[in-house]
Every structure is written in C-alpha cells, then in structure tokens.
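See structure below.
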Amino acid sequence: MSFIFLNSIYQRLSLRLPLLFYAATWTTLLTIIVAVASFSPELAFVSAITPSSSFSQACHDRGSVRIPLDLPLEVFCFPTEVFQRSKMDLLVPPIFAATIVAVSAYVVKALALWEVDGENNQF
C-alpha cells in the first residue's frame, strides 16, 4: 500500500490546522454558553421548589410544594404527586443545545467571520 495518499491528506490537514483549531474553539465556547444558558433556569427552578428552601417554607402542608409563578404575593401550593420526572426531561435539553450550537455555527458561517481583510493576514 502506498503512503502517498496518507501524506497528501496530512499535508492538506496541516495547512488547515489553524482554521480547524479556530472552529473547534468557537464550537466549544458556543457549547459551553448554550449549556449554561439552558441549564441555569432549570437549576434555579429545582432549587426553588425543594422543600428545604426558604421559598417553599410558605407551604405548611407536608407533601406540598410551592411553585414560583408570576404573582409574587400569591402563594400556590401543589401536591408533590403532580410533579414527576419524565423521559422528555433527559431528551429535550440536549436537542435544544445541539440546535442552538448548529444555528450559531451557521450564523458564524453566514457572516464570514473567518474571512481575512488583507492579503498579508492569512491563517
């Protein structure tokens, strides 16, 4: 088997290595931002409805949970049996994050942020 083919691939990749590193860096950064943005409201909601939080202390009944609503002065307590974990809880956030990262990558591509302004500035 001839290694000329592999050498050709290696040379092409080595020329594009800075561009690949740049793309990987932006993809990683976008993924982290989307993960923080998608999971922080969920974390805040879960920490608010835990029975030990000061927010939930307004419900005096054992087995009821206070839910944060738009009306801050009203206290609504719901039974804990209403809230269950579903399979969608594990499926929707990763799909949402992947969609946002893909759309962000297409926006970066559409805006041509990697284009070089001058002839001397090349990757």
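Each chain of the structure tokens is named A, B, ... in the order shown, its residues numbered from 1; ligands are numbered from 1 in display order.
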
Apply DSSP to the backbone of this structure and, from stretch 2-94 of chain A, keep only the residues in alpha helix (DSSP H); write these as a ChimeraX atom specification. /A:4-49,88-94

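Inside chain A, the residues DSSP reads as strand (DSSP E or B) when given the backbone are A:Ser64, A:Val65, A:Arg66, A:Cys77, A:Phe78, A:Pro79.
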
Export of the given selection (all heavy atoms) as an mmCIF file, in the first residue's frame:
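Written out: result-v2.cif:
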```
data_model
loop_
_atom_site.group_PDB
_atom_site.id
_atom_site.type_symbol
_atom_site.label_atom_id
_atom_site.label_comp_id
_atom_site.auth_asym_id
_atom_site.auth_seq_id
_atom_site.Cartn_x
_atom_site.Cartn_y
_atom_site.Cartn_z
ATOM 1 N N SER A 64 -46.621 19.023 50.036
ATOM 2 C CA SER A 64 -46.994 20.037 49.049
ATOM 3 C C SER A 64 -45.776 20.902 48.728
ATOM 4 O O SER A 64 -44.879 21.060 49.530
ATOM 5 C CB SER A 64 -48.138 20.904 49.560
ATOM 6 O OG SER A 64 -47.743 21.613 50.699
ATOM 7 N N VAL A 65 -45.785 21.435 47.516
ATOM 8 C CA VAL A 65 -44.654 22.207 47.009
ATOM 9 C C VAL A 65 -45.162 23.543 46.516
ATOM 10 O O VAL A 65 -46.190 23.622 45.846
ATOM 11 C CB VAL A 65 -43.964 21.448 45.852
ATOM 12 C CG1 VAL A 65 -42.866 22.274 45.244
ATOM 13 C CG2 VAL A 65 -43.428 20.128 46.310
ATOM 14 N N ARG A 66 -44.442 24.611 46.847
ATOM 15 C CA ARG A 66 -44.780 25.935 46.328
ATOM 16 C C ARG A 66 -44.105 26.114 44.982
ATOM 17 O O ARG A 66 -42.917 25.854 44.825
ATOM 18 C CB ARG A 66 -44.316 27.018 47.290
ATOM 19 C CG ARG A 66 -44.658 28.412 46.800
ATOM 20 C CD ARG A 66 -44.198 29.462 47.783
ATOM 21 N NE ARG A 66 -44.473 30.800 47.242
ATOM 22 C CZ ARG A 66 -43.981 31.896 47.748
ATOM 23 N NH1 ARG A 66 -43.205 31.846 48.819
ATOM 24 N NH2 ARG A 66 -44.279 33.056 47.213
ATOM 25 N N CYS A 77 -49.682 26.349 46.524
ATOM 26 C CA CYS A 77 -49.077 25.088 46.939
ATOM 27 C C CYS A 77 -49.766 23.949 46.192
ATOM 28 O O CYS A 77 -50.993 23.880 46.155
ATOM 29 C CB CYS A 77 -49.212 24.894 48.442
ATOM 30 S SG CYS A 77 -48.318 26.142 49.384
ATOM 31 N N PHE A 78 -48.961 23.082 45.614
ATOM 32 C CA PHE A 78 -49.482 21.955 44.854
ATOM 33 C C PHE A 78 -48.983 20.665 45.485
ATOM 34 O O PHE A 78 -47.889 20.612 46.047
ATOM 35 C CB PHE A 78 -49.010 22.031 43.399
ATOM 36 C CG PHE A 78 -49.549 23.218 42.659
ATOM 37 C CD1 PHE A 78 -48.790 24.366 42.528
ATOM 38 C CD2 PHE A 78 -50.804 23.186 42.099
ATOM 39 C CE1 PHE A 78 -49.271 25.462 41.849
ATOM 40 C CE2 PHE A 78 -51.298 24.268 41.412
ATOM 41 C CZ PHE A 78 -50.539 25.416 41.286
ATOM 42 N N PRO A 79 -49.754 19.580 45.366
ATOM 43 C CA PRO A 79 -49.283 18.294 45.896
ATOM 44 C C PRO A 79 -48.077 17.781 45.101
ATOM 45 O O PRO A 79 -47.963 18.006 43.903
ATOM 46 C CB PRO A 79 -50.486 17.359 45.741
ATOM 47 C CG PRO A 79 -51.470 18.067 44.905
ATOM 48 C CD PRO A 79 -51.097 19.502 44.839
#
```

Where does stretch 39-72 of chain A meet stretch 91-98 of chain A within 12 Å, residue by residue, with the nearest atom pair and distance in Å to one decimal for each, counting only C-alpha atoms, listed by chain and rising number, as a tab-separated table?
```
residue	atom	partner	partner_atom	distance
A:Phe39	CA	A:Pro93	CA	7.8
A:Ser40	CA	A:Pro93	CA	11.5
A:Pro41	CA	A:Pro93	CA	11.6
A:Glu42	CA	A:Pro93	CA	9.9
```

Quick check, in Å to one decimal: how far apart do atom CA of A:Ser14 and atom CA of A:Leu111 lie?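 Calculated distance between atom CA of A:Ser14 and atom CA of A:Leu111 is 25.2 Å.
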
Neighbours of A:Pro51 within 12 Å (only C-alpha atoms; same-chain residues fewer than 4 positions away dropped), as a compact mmCIF listing (two decimals) with C-alpha atoms, in the first residue's frame?
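Full text of part-v5.txt as output:
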```
# COMPACT_ATOMS: atom_id res chain seq x y z
CA VAL A 46 -35.37 22.98 41.08
CA SER A 47 -33.59 24.80 43.91
CA PHE A 55 -39.15 29.79 49.17
CA SER A 56 -41.00 26.53 49.81
CA GLN A 57 -41.37 27.13 53.55
CA ALA A 58 -44.63 29.02 52.89
CA CYS A 59 -46.38 25.69 52.26
CA HIS A 60 -47.06 24.27 55.69
CA ASP A 61 -48.67 21.06 54.49
CA ARG A 62 -46.39 18.07 54.37
CA GLY A 63 -46.34 16.74 50.82
CA SER A 64 -46.99 20.04 49.05
CA VAL A 65 -44.65 22.21 47.01
CA ARG A 66 -44.78 25.93 46.33
CA ILE A 67 -44.38 26.74 42.65
CA CYS A 77 -49.08 25.09 46.94
CA PRO A 79 -49.28 18.29 45.90
CA THR A 80 -45.99 16.59 45.14
```

Would you pick out the contacts of A:Ser104 at 12 Å or less, using only C-alpha atoms, so that residues sharing its chain but fewer than 2 positions from it are not included, and give the list as a list in words?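 Contacts, with the query itself left out: Ala23, Trp26, Thr27, Thr28, Leu29, Leu30, Thr31, Ile33, Val34, Ala97, Ala98, Thr99, Ile100, Val101, Ala102, Tyr106, Val107, Val108, Lys109, Ala110, Leu111 and Leu113 of chain A.
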
Quick one: pull the distance between atom CA of A:Leu90 and atom CA of A:Pro68, Å, one decimal. 22.1 Å
